[in-house]
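Dumped data_22.pdb below, it's PDB, C-alpha atoms and all ligand atoms:
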```pdb
ATOM      1  CA  MET A   1      66.938   5.461  46.091
ATOM      2  CA  MET A   2      63.382   4.586  45.101
ATOM      3  CA  ALA A   3      60.682   6.770  46.603
ATOM      4  CA  ALA A   4      57.923   4.736  48.134
ATOM      5  CA  ALA A   5      54.915   4.884  45.877
ATOM      6  CA  ILE A   6      51.746   5.942  47.606
ATOM      7  CA  ALA A   7      49.173   3.169  47.922
ATOM      8  CA  ASN A   8      46.302   3.404  45.436
ATOM      9  CA  THR A   9      48.134   6.101  43.521
ATOM     10  CA  SER A  10      47.770   5.784  39.793
ATOM     11  CA  VAL A  11      49.911   8.696  38.672
ATOM     12  CA  SER A  12      52.380  10.414  40.960
ATOM     13  CA  ILE A  13      54.260  13.485  39.824
ATOM     14  CA  GLN A  14      57.095  14.457  42.112
ATOM     15  CA  ASP A  15      58.924  17.799  41.985
ATOM     16  CA  LEU A  16      58.531  18.013  38.247
ATOM     17  CA  SER A  17      60.145  20.962  36.499
ATOM     18  CA  LEU A  18      60.280  21.611  32.800
ATOM     19  CA  ASN A  19      62.161  24.390  31.062
ATOM     20  CA  PHE A  20      62.093  25.361  27.424
ATOM     21  CA  GLY A  21      65.449  27.098  27.082
ATOM     22  CA  VAL A  22      65.508  29.760  29.785
ATOM     23  CA  MET A  23      61.728  29.703  30.184
ATOM     24  CA  SER A  24      60.470  27.751  33.168
ATOM     25  CA  VAL A  25      57.119  26.252  32.104
ATOM     26  CA  LEU A  26      56.442  23.811  34.974
ATOM     27  CA  LYS A  27      57.764  24.745  38.384
ATOM     28  CA  THR A  28      58.514  21.978  40.913
ATOM     29  CA  LEU A  29      55.064  20.572  40.447
ATOM     30  CA  ASN A  30      53.582  17.782  42.593
ATOM     31  CA  LEU A  31      50.400  15.860  41.874
ATOM     32  CA  ASP A  32      49.082  12.526  43.098
ATOM     33  CA  VAL A  33      46.172  11.041  41.197
ATOM     34  CA  ALA A  34      44.270   8.195  42.848
ATOM     35  CA  GLU A  35      43.385   4.964  41.087
ATOM     36  CA  GLY A  36      40.194   5.537  39.091
ATOM     37  CA  GLU A  37      40.134   9.263  39.702
ATOM     38  CA  PHE A  38      39.012  11.824  37.113
ATOM     39  CA  ILE A  39      41.385  14.777  37.390
ATOM     40  CA  VAL A  40      40.890  17.920  35.323
ATOM     41  CA  LEU A  41      43.817  20.259  34.676
ATOM     42  CA  LEU A  42      42.137  23.637  34.266
ATOM     43  CA  GLY A  43      43.714  26.966  33.465
ATOM     44  CA  PRO A  44      44.092  29.701  30.891
ATOM     45  CA  SER A  45      45.938  29.235  27.613
ATOM     46  CA  GLY A  46      49.711  29.016  28.071
ATOM     47  CA  CYS A  47      49.685  27.959  31.751
ATOM     48  CA  GLY A  48      51.387  24.623  30.997
ATOM     49  CA  LYS A  49      48.492  22.131  30.874
ATOM     50  CA  SER A  50      49.507  20.438  27.628
ATOM     51  CA  THR A  51      53.143  20.469  28.657
ATOM     52  CA  LEU A  52      52.281  18.638  31.874
ATOM     53  CA  LEU A  53      50.158  16.090  30.022
ATOM     54  CA  ASN A  54      52.918  15.518  27.469
ATOM     55  CA  CYS A  55      55.402  14.938  30.298
ATOM     56  CA  ILE A  56      53.118  12.278  31.781
ATOM     57  CA  ALA A  57      52.749  10.703  28.339
ATOM     58  CA  GLY A  58      56.517  10.708  27.816
ATOM     59  CA  LEU A  59      56.337  12.974  24.777
ATOM     60  CA  LEU A  60      58.591  15.548  26.454
ATOM     61  CA  ASP A  61      61.732  15.014  28.512
ATOM     62  CA  ILE A  62      61.438  16.669  31.876
ATOM     63  CA  SER A  63      64.148  18.879  33.341
ATOM     64  CA  GLU A  64      63.826  17.666  36.928
ATOM     65  CA  GLY A  65      61.666  15.392  39.033
ATOM     66  CA  ARG A  66      60.071  11.984  38.668
ATOM     67  CA  ILE A  67      56.872  10.466  37.323
ATOM     68  CA  PHE A  68      55.394   7.234  38.670
ATOM     69  CA  ILE A  69      52.545   5.314  37.062
ATOM     70  CA  LYS A  70      51.051   2.510  39.143
ATOM     71  CA  GLY A  71      54.016   2.678  41.477
ATOM     72  CA  LYS A  72      56.579   2.298  38.713
ATOM     73  CA  ASN A  73      59.108   5.010  37.948
ATOM     74  CA  VAL A  74      58.413   5.768  34.270
ATOM     75  CA  THR A  75      60.396   9.013  34.087
ATOM     76  CA  TRP A  76      62.645   7.634  31.354
ATOM     77  CA  GLU A  77      60.288   5.043  29.846
ATOM     78  CA  GLU A  78      59.140   5.216  26.242
ATOM     79  CA  PRO A  79      55.568   6.536  25.770
ATOM     80  CA  LYS A  80      54.387   3.111  24.570
ATOM     81  CA  ASP A  81      55.601   1.455  27.775
ATOM     82  CA  ARG A  82      53.786   3.755  30.189
ATOM     83  CA  GLY A  83      50.326   2.194  30.111
ATOM     84  CA  ILE A  84      48.692   5.398  28.959
ATOM     85  CA  GLY A  85      46.401   6.313  26.076
ATOM     86  CA  MET A  86      46.153   9.848  24.779
ATOM     87  CA  VAL A  87      43.341  11.697  23.028
ATOM     88  CA  PHE A  88      44.213  15.010  21.400
ATOM     89  CA  GLN A  89      42.168  18.006  20.292
ATOM     90  CA  SER A  90      42.961  17.220  16.665
ATOM     91  CA  TYR A  91      41.875  13.671  16.082
ATOM     92  CA  ALA A  92      45.195  12.397  14.715
ATOM     93  CA  LEU A  93      43.515   9.537  12.807
ATOM     94  CA  TYR A  94      45.207   7.898   9.815
ATOM     95  CA  PRO A  95      43.237   9.354   6.869
ATOM     96  CA  GLN A  96      43.955   6.490   4.457
ATOM     97  CA  MET A  97      42.720   3.779   6.842
ATOM     98  CA  THR A  98      39.197   2.724   7.735
ATOM     99  CA  VAL A  99      37.987   3.227  11.284
ATOM    100  CA  GLU A 100      38.563  -0.460  11.978
ATOM    101  CA  LYS A 101      42.163  -0.245  10.721
ATOM    102  CA  ASN A 102      42.692   2.927  12.752
ATOM    103  CA  LEU A 103      41.625   1.019  15.840
ATOM    104  CA  SER A 104      43.647  -2.111  15.093
ATOM    105  CA  PHE A 105      46.860  -0.563  13.757
ATOM    106  CA  GLY A 106      48.673  -0.044  17.052
ATOM    107  CA  LEU A 107      47.604  -3.460  18.310
ATOM    108  CA  ARG A 108      48.920  -5.210  15.205
ATOM    109  CA  VAL A 109      52.234  -3.378  15.568
ATOM    110  CA  ALA A 110      52.350  -4.509  19.200
ATOM    111  CA  GLY A 111      51.762  -8.115  18.125
ATOM    112  CA  VAL A 112      48.376  -8.613  19.788
ATOM    113  CA  PRO A 113      46.726 -11.808  18.395
ATOM    114  CA  LYS A 114      44.022 -11.335  15.751
ATOM    115  CA  ASP A 115      41.107 -12.736  17.720
ATOM    116  CA  GLU A 116      42.033 -10.579  20.703
ATOM    117  CA  ILE A 117      42.151  -7.505  18.434
ATOM    118  CA  ALA A 118      38.696  -8.345  17.067
ATOM    119  CA  LYS A 119      37.345  -8.752  20.591
ATOM    120  CA  ARG A 120      38.723  -5.424  21.763
ATOM    121  CA  ILE A 121      37.458  -3.565  18.700
ATOM    122  CA  ALA A 122      33.980  -5.026  19.115
ATOM    123  CA  ARG A 123      33.909  -3.943  22.745
ATOM    124  CA  ALA A 124      35.184  -0.409  22.009
ATOM    125  CA  ALA A 125      32.773  -0.029  19.090
ATOM    126  CA  GLU A 126      29.874  -1.054  21.316
ATOM    127  CA  ILE A 127      30.877   1.265  24.154
ATOM    128  CA  LEU A 128      31.410   4.248  21.841
ATOM    129  CA  GLN A 129      28.523   3.389  19.518
ATOM    130  CA  ILE A 130      30.658   3.410  16.400
ATOM    131  CA  GLU A 131      29.774  -0.072  15.081
ATOM    132  CA  PRO A 132      28.157   1.312  11.892
ATOM    133  CA  LEU A 133      31.262   3.388  11.151
ATOM    134  CA  LEU A 134      33.927   0.674  11.212
ATOM    135  CA  GLN A 135      34.372   0.401   7.436
ATOM    136  CA  ARG A 136      34.368   4.147   6.788
ATOM    137  CA  LYS A 137      37.360   6.415   6.303
ATOM    138  CA  PRO A 138      37.852   9.359   8.687
ATOM    139  CA  SER A 139      36.987  11.833   5.896
ATOM    140  CA  ALA A 140      33.449  10.400   5.879
ATOM    141  CA  LEU A 141      32.943  11.056   9.607
ATOM    142  CA  SER A 142      31.693  14.088  11.509
ATOM    143  CA  GLY A 143      33.912  15.775  14.077
ATOM    144  CA  GLY A 144      32.118  14.067  16.932
ATOM    145  CA  GLN A 145      32.420  10.659  15.266
ATOM    146  CA  ARG A 146      36.132  11.194  14.656
ATOM    147  CA  GLN A 147      36.672  12.059  18.274
ATOM    148  CA  ARG A 148      34.849   8.874  19.318
ATOM    149  CA  VAL A 149      37.228   6.897  17.129
ATOM    150  CA  ALA A 150      40.167   8.719  18.711
ATOM    151  CA  ILE A 151      38.878   7.701  22.138
ATOM    152  CA  GLY A 152      38.393   4.181  20.762
ATOM    153  CA  ARG A 153      42.065   3.988  19.886
ATOM    154  CA  ALA A 154      42.974   4.575  23.510
ATOM    155  CA  LEU A 155      40.229   2.196  24.638
ATOM    156  CA  VAL A 156      41.375  -0.814  22.589
ATOM    157  CA  ARG A 157      44.857  -0.535  24.048
ATOM    158  CA  ASP A 158      43.435  -1.468  27.420
ATOM    159  CA  VAL A 159      45.488   1.170  29.234
ATOM    160  CA  ASP A 160      45.413   2.115  32.904
ATOM    161  CA  VAL A 161      45.368   5.858  32.351
ATOM    162  CA  PHE A 162      43.613   8.014  29.765
ATOM    163  CA  LEU A 163      45.056  11.436  28.993
ATOM    164  CA  PHE A 164      42.817  13.927  27.198
ATOM    165  CA  ASP A 165      44.062  17.241  25.805
ATOM    166  CA  GLU A 166      41.093  19.525  25.093
ATOM    167  CA  PRO A 167      39.301  16.724  23.217
ATOM    168  CA  LEU A 168      36.114  18.737  22.697
ATOM    169  CA  SER A 169      37.567  22.078  21.641
ATOM    170  CA  ASN A 170      37.045  21.514  17.919
ATOM    171  CA  LEU A 171      33.379  20.582  18.281
ATOM    172  CA  ASP A 172      30.299  22.788  18.218
ATOM    173  CA  ALA A 173      28.436  23.483  21.453
ATOM    174  CA  LYS A 174      25.819  20.754  21.039
ATOM    175  CA  LEU A 175      28.290  17.990  20.216
ATOM    176  CA  ARG A 176      30.573  19.224  22.931
ATOM    177  CA  SER A 177      27.968  18.743  25.627
ATOM    178  CA  GLU A 178      26.912  15.365  24.170
ATOM    179  CA  LEU A 179      30.428  14.021  24.112
ATOM    180  CA  ARG A 180      31.124  15.461  27.530
ATOM    181  CA  VAL A 181      28.315  13.326  28.930
ATOM    182  CA  GLU A 182      29.674  10.300  27.093
ATOM    183  CA  ILE A 183      33.153  10.760  28.481
ATOM    184  CA  LYS A 184      31.627  10.888  31.939
ATOM    185  CA  LEU A 185      29.689   7.657  31.275
ATOM    186  CA  LEU A 186      32.807   6.058  29.844
ATOM    187  CA  HIS A 187      34.643   6.836  33.056
ATOM    188  CA  ARG A 188      31.824   5.391  35.146
ATOM    189  CA  ARG A 189      31.896   2.222  33.121
ATOM    190  CA  LEU A 190      35.669   1.733  32.880
ATOM    191  CA  GLN A 191      36.561   3.210  36.261
ATOM    192  CA  ASN A 192      40.085   3.919  35.077
ATOM    193  CA  THR A 193      42.185   6.974  35.798
ATOM    194  CA  MET A 194      41.588   9.972  33.566
ATOM    195  CA  ILE A 195      43.593  13.177  33.379
ATOM    196  CA  TYR A 196      41.771  15.717  31.300
ATOM    197  CA  VAL A 197      43.064  19.110  30.146
ATOM    198  CA  THR A 198      40.693  21.960  29.408
ATOM    199  CA  HIS A 199      40.343  25.732  29.704
ATOM    200  CA  ASP A 200      36.549  25.294  29.898
ATOM    201  CA  GLN A 201      35.141  25.770  33.394
ATOM    202  CA  ILE A 202      31.913  23.898  32.664
ATOM    203  CA  GLU A 203      33.781  20.826  31.446
ATOM    204  CA  ALA A 204      35.914  20.936  34.555
ATOM    205  CA  MET A 205      32.966  21.334  36.929
ATOM    206  CA  THR A 206      30.918  18.543  35.359
ATOM    207  CA  LEU A 207      33.655  15.968  34.747
ATOM    208  CA  ALA A 208      36.142  16.214  37.576
ATOM    209  CA  ASP A 209      36.449  14.359  40.845
ATOM    210  CA  ARG A 210      39.127  16.946  41.558
ATOM    211  CA  ILE A 211      40.234  19.986  39.599
ATOM    212  CA  ALA A 212      43.843  21.201  39.508
ATOM    213  CA  VAL A 213      43.668  24.908  38.727
ATOM    214  CA  MET A 214      46.910  25.987  37.042
ATOM    215  CA  LYS A 215      48.545  29.332  36.421
ATOM    216  CA  GLY A 216      52.071  29.984  35.223
ATOM    217  CA  GLY A 217      53.230  26.387  35.554
ATOM    218  CA  VAL A 218      52.037  26.076  39.149
ATOM    219  CA  ILE A 219      49.006  24.255  40.557
ATOM    220  CA  GLN A 220      47.175  26.937  42.492
ATOM    221  CA  GLN A 221      44.535  24.690  44.015
ATOM    222  CA  LEU A 222      43.667  21.003  43.854
ATOM    223  CA  ASP A 223      40.232  20.210  45.218
ATOM    224  CA  ALA A 224      36.776  18.903  44.446
ATOM    225  CA  PRO A 225      34.793  21.220  42.131
ATOM    226  CA  GLN A 226      32.427  22.364  44.878
ATOM    227  CA  THR A 227      35.293  23.167  47.231
ATOM    228  CA  ILE A 228      37.061  25.210  44.588
ATOM    229  CA  TYR A 229      33.854  26.994  43.734
ATOM    230  CA  ASN A 230      32.946  27.766  47.329
ATOM    231  CA  ARG A 231      36.381  28.218  48.834
ATOM    232  CA  PRO A 232      38.901  29.406  46.234
ATOM    233  CA  VAL A 233      42.349  29.785  47.815
ATOM    234  CA  ASN A 234      43.256  33.026  46.059
ATOM    235  CA  ARG A 235      41.952  35.709  43.759
ATOM    236  CA  PHE A 236      43.156  34.024  40.638
ATOM    237  CA  VAL A 237      41.198  30.844  41.371
ATOM    238  CA  ALA A 238      38.190  32.888  42.453
ATOM    239  CA  GLY A 239      38.282  34.922  39.265
ATOM    240  CA  PHE A 240      38.780  31.910  37.071
ATOM    241  CA  LEU A 241      36.284  29.565  38.620
ATOM    242  CA  GLY A 242      35.160  30.320  42.133
ATOM    243  CA  SER A 243      32.225  32.329  43.325
ATOM    244  CA  PRO A 244      32.711  36.108  43.457
ATOM    245  CA  ALA A 245      34.653  37.038  46.604
TER     246      ALA A 245
HETATM  247  P1  LIG B 301      48.456  25.267  27.699
HETATM  248  O1  LIG B 301      48.273  23.879  27.200
HETATM  249  O2  LIG B 301      48.054  25.454  29.128
HETATM  250  O3  LIG B 301      47.780  26.276  26.818
HETATM  251  P2  LIG B 301      51.233  24.836  27.026
HETATM  252  O4  LIG B 301      51.628  23.726  27.912
HETATM  253  O5  LIG B 301      50.956  24.502  25.615
HETATM  254  O6  LIG B 301      50.006  25.628  27.668
HETATM  255  O7  LIG B 301      52.388  25.933  27.030
HETATM  256  C1  LIG B 301      52.946  26.455  28.225
HETATM  257  C2  LIG B 301      54.035  27.453  27.873
HETATM  258  O8  LIG B 301      55.125  26.805  27.251
HETATM  259  C3  LIG B 301      53.576  28.547  26.909
HETATM  260  O9  LIG B 301      54.188  29.740  27.274
HETATM  261  C4  LIG B 301      54.091  28.047  25.581
HETATM  262  O10 LIG B 301      54.327  29.127  24.719
HETATM  263  C5  LIG B 301      55.368  27.347  25.971
HETATM  264  N1  LIG B 301      55.719  26.229  25.076
HETATM  265  C6  LIG B 301      54.947  25.150  24.824
HETATM  266  N2  LIG B 301      55.589  24.286  24.009
HETATM  267  C7  LIG B 301      56.804  24.830  23.746
HETATM  268  C8  LIG B 301      57.949  24.414  22.965
HETATM  269  N3  LIG B 301      57.941  23.255  22.314
HETATM  270  N4  LIG B 301      59.014  25.244  22.931
HETATM  271  C9  LIG B 301      59.011  26.407  23.612
HETATM  272  N5  LIG B 301      57.989  26.850  24.369
HETATM  273  C10 LIG B 301      56.892  26.078  24.439
HETATM  274 MG    MG B 302      47.205  23.169  25.569
END
```
Spit out the file's structure as structure tokens when you get a sec.
Amino acid sequence: MMAAAIANTSVSIQDLSLNFGVMSVLKTLNLDVAEGEFIVLLGPSGCGKSTLLNCIAGLLDISEGRIFIKGKNVTWEEPKDRGIGMVFQSYALYPQMTVEKNLSFGLRVAGVPKDEIAKRIARAAEILQIEPLLQRKPSALSGGQRQRVAIGRALVRDVDVFLFDEPLSNLDAKLRSELRVEIKLLHRRLQNTMIYVTHDQIEAMTLADRIAVMKGGVIQQLDAPQTIYNRPVNRFVAGFLGSPA
């Protein structure tokens, strides 16, 4: 039987469990993300953030539960058919290709017409301010520029949902705060759904509409940043992010 999808829900995770062998990494987890919402998954290393993101992306098979994207059950869909774009901590660019080829590669494979590819690349390059870099190879780019290109690859695919896994962790403090602002502006401009993994409290507080604080494969609290800060539901959340009790 199909569960009724919740109206205006972009990503719906229902009773999701994931085990690696005997280890239970995600424990009957539920999360509904609204259309256009910026959700941050925040928690210490090893709490299951990347695992959850990879389940949404279809890069891991889940043990139990269901995942809906835009009302469609995608639990057993291929990653490419889920309408998601993913940006990783390591940039995962093709080193032998120019920036332009990096941006167009997936689209050419998918059979998108040439003029449409050119249009999408021009738009992404303008939004991310990487026009002057299009003919360079990744080795000639700074870390921040590479990460812009990585975001560009998700952008040109015209996806409904962006998934970010600690995209700023490899950058120095100055670039990190610059790119953080840009990701926020990007969200304002595109108004698409973003699910963003980090262990950095400042990133979470500044980017999120709502933060899901995770520990041990369980969402401890899901609320707006101010609510979590002012009214943490337990000591763990208070210690990790909230005001001192
Ligand atoms: P986070 O991203 O929050 O740091 P992860 O989702 O990467 O955490 O990992 C959650 C838990 O699952 C950790 O205990 C980790 O060691 C374990 N884990 C992650 N990937 C695998 C895997 N492929 N095989 C076995 N255990 C894994
Ligand atoms: Mg991780």
*Contacts of Gly85 in chain A at 12 Å or less, counting only C-alpha atoms, minus same-chain residues fewer than 2 places along, as a ChimeraX atom specification?*
/A:53-54,56-58,79-83,87-88,106,150-165,192-196
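Put simply, CA of Gln201 in chain A is 25.0 Å away from CA of Ser142 in chain A.
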_Protein and nucleic acid residues within 10 Å of ligand LIG 301 (chain B) (only C-alpha atoms and all ligand atoms) as a ChimeraX atom specification_ = /A:18-26,41-55,60,165-166,197-199,214-217
*Write out as a ChimeraX atom specification which residues come within 10 Å of Pro95 in chain A when counting all atoms listed in the file, dropping same-chain ones fewer than 3 positions away.*
/A:92,98-99,102,137-140
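Of the listed residues (A:Glu100, A:Glu64, A:Asp200, A:Asp115), A:Asp200 comes nearest to ligand MG 302 (chain B); the distances count all atoms listed in the file.
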*asked:* Residues near Leu168 in chain A, anyone? I mean within 8 Å using only C-alpha atoms, not counting same-chain ones fewer than 4 positions away, as an MDAnalysis selection string.
replied: chainID A and resid 89 176 179:180
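Relative to CA of Gln220 in chain A, CA of Phe240 in chain A is found at 11.2 Å.
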*Which residues, written as JSON, numbers by chain, have at least one atom at most 12 Å from Glu126 in chain A, with all atoms listed in the file counted and residues fewer than 5 positions away on the same chain left out?*
{"A": [119, 120, 121, 131, 132, 133, 134, 148, 149, 152, 155, 156, 186]}
Would you mind exporting C-alpha atoms of the selected residues as a compact mmCIF listing (two decimals), in the frame of the given file?
```
# COMPACT_ATOMS: atom_id res chain seq x y z
CA LYS A 119 37.34 -8.75 20.59
CA ARG A 120 38.72 -5.42 21.76
CA ILE A 121 37.46 -3.56 18.70
CA GLU A 131 29.77 -0.07 15.08
CA PRO A 132 28.16 1.31 11.89
CA LEU A 133 31.26 3.39 11.15
CA LEU A 134 33.93 0.67 11.21
CA ARG A 148 34.85 8.87 19.32
CA VAL A 149 37.23 6.90 17.13
CA GLY A 152 38.39 4.18 20.76
CA LEU A 155 40.23 2.20 24.64
CA VAL A 156 41.38 -0.81 22.59
CA LEU A 186 32.81 6.06 29.84
```
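Within the file as shown, the PyMOL selection byres (((chain A and resi 33) around 9) and not hetatm) identifies Asn8, Thr9, Ser10, Val11, Ser12, Ile13, Leu31, Asp32, Ala34, Glu35, Gly36, Glu37, Phe38, Ile39, Thr193, Met194 and Ile195 of chain A.
Between CA of Ser90 in chain A and CA of Val181 in chain A lies a distance of 19.5 Å.
This file gives the following result for the PyMOL selection byres (((chain A and resi 222) around 10) and not hetatm): Leu31, Ile39, Val40, Leu41, Arg210, Ile211, Ala212, Val213, Met214, Ile219, Gln220, Gln221, Asp223, Ala224, Pro225, Thr227, Ile228, Pro232 and Val233 of chain A.
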*asked:* Can you translate the PyMOL selection byres (((chain A and resi 15) around 6) and not hetatm) into the concrete residues it hits in this file, as a VMD selection string?
replied: chain A and resid 14 16 28 to 30 65
C-alpha atoms of the current selection, written as a PDB file, keeping the file's coordinate frame:
```pdb
ATOM      1  CA  GLN A  14      57.095  14.457  42.112  1.00  0.00           C
ATOM      2  CA  LEU A  16      58.531  18.013  38.247  1.00  0.00           C
ATOM      3  CA  THR A  28      58.514  21.978  40.913  1.00  0.00           C
ATOM      4  CA  LEU A  29      55.064  20.572  40.447  1.00  0.00           C
ATOM      5  CA  ASN A  30      53.582  17.782  42.593  1.00  0.00           C
ATOM      6  CA  GLY A  65      61.666  15.392  39.033  1.00  0.00           C
TER       7      GLY A  65
END
```
Centre and edges of the range 170-177 of chain A box, axis-aligned, 4 Å extra per side, as JSON:
```
{"center_x": 31.4, "center_y": 20.7, "center_z": 21.8, "size_x": 19.2, "size_y": 13.5, "size_z": 15.7}
```
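Of the residues under consideration (A:Ser169, A:Arg146, A:Leu128, A:Asp61), A:Ser169 shows the shortest atom-to-atom contact distance to ligand MG 302 (chain B) when counting only C-alpha atoms and all ligand atoms.
For the choices A:Asn234, A:Pro167, A:Ser177, A:Thr206, the atom-to-atom distance to ligand MG 302 (chain B) is smallest for A:Pro167 when using only C-alpha atoms and all ligand atoms.
Considering the residues A:Leu207, A:Leu93, A:Ile202, A:Ala238 and counting only C-alpha atoms, Leu185 in chain A has its shortest atom-to-atom contact with A:Leu207.
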N, CA and C atoms restored at range 177-188 of chain A, emitted as a PDB file, keeping the file's coordinate frame:
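Done, and the output landed in out14.pdb:
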```
ATOM      1  N   SER A 177      28.654  19.180  24.406  1.00  0.00           N
ATOM      2  CA  SER A 177      27.968  18.743  25.627  1.00  0.00           C
ATOM      3  C   SER A 177      27.573  17.272  25.536  1.00  0.00           C
ATOM      4  N   GLU A 178      27.228  16.796  24.329  1.00  0.00           N
ATOM      5  CA  GLU A 178      26.912  15.365  24.170  1.00  0.00           C
ATOM      6  C   GLU A 178      28.106  14.487  24.505  1.00  0.00           C
ATOM      7  N   LEU A 179      29.237  14.847  23.926  1.00  0.00           N
ATOM      8  CA  LEU A 179      30.428  14.021  24.112  1.00  0.00           C
ATOM      9  C   LEU A 179      30.965  14.127  25.537  1.00  0.00           C
ATOM     10  N   ARG A 180      30.729  15.283  26.126  1.00  0.00           N
ATOM     11  CA  ARG A 180      31.124  15.461  27.530  1.00  0.00           C
ATOM     12  C   ARG A 180      30.391  14.444  28.416  1.00  0.00           C
ATOM     13  N   VAL A 181      29.105  14.311  28.176  1.00  0.00           N
ATOM     14  CA  VAL A 181      28.315  13.326  28.930  1.00  0.00           C
ATOM     15  C   VAL A 181      28.841  11.920  28.670  1.00  0.00           C
ATOM     16  N   GLU A 182      29.188  11.649  27.424  1.00  0.00           N
ATOM     17  CA  GLU A 182      29.674  10.300  27.093  1.00  0.00           C
ATOM     18  C   GLU A 182      31.005   9.983  27.741  1.00  0.00           C
ATOM     19  N   ILE A 183      31.862  10.990  27.825  1.00  0.00           N
ATOM     20  CA  ILE A 183      33.153  10.760  28.481  1.00  0.00           C
ATOM     21  C   ILE A 183      32.930  10.452  29.956  1.00  0.00           C
ATOM     22  N   LYS A 184      31.972  11.144  30.530  1.00  0.00           N
ATOM     23  CA  LYS A 184      31.627  10.888  31.939  1.00  0.00           C
ATOM     24  C   LYS A 184      31.109   9.448  32.117  1.00  0.00           C
ATOM     25  N   LEU A 185      30.220   9.024  31.207  1.00  0.00           N
ATOM     26  CA  LEU A 185      29.689   7.657  31.275  1.00  0.00           C
ATOM     27  C   LEU A 185      30.784   6.619  31.050  1.00  0.00           C
ATOM     28  N   LEU A 186      31.688   6.945  30.131  1.00  0.00           N
ATOM     29  CA  LEU A 186      32.807   6.058  29.844  1.00  0.00           C
ATOM     30  C   LEU A 186      33.641   5.846  31.105  1.00  0.00           C
ATOM     31  N   HIS A 187      33.871   6.941  31.816  1.00  0.00           N
ATOM     32  CA  HIS A 187      34.643   6.836  33.056  1.00  0.00           C
ATOM     33  C   HIS A 187      33.919   5.999  34.098  1.00  0.00           C
ATOM     34  N   ARG A 188      32.604   6.199  34.195  1.00  0.00           N
ATOM     35  CA  ARG A 188      31.824   5.391  35.146  1.00  0.00           C
ATOM     36  C   ARG A 188      31.928   3.916  34.828  1.00  0.00           C
TER      37      ARG A 188
END
```
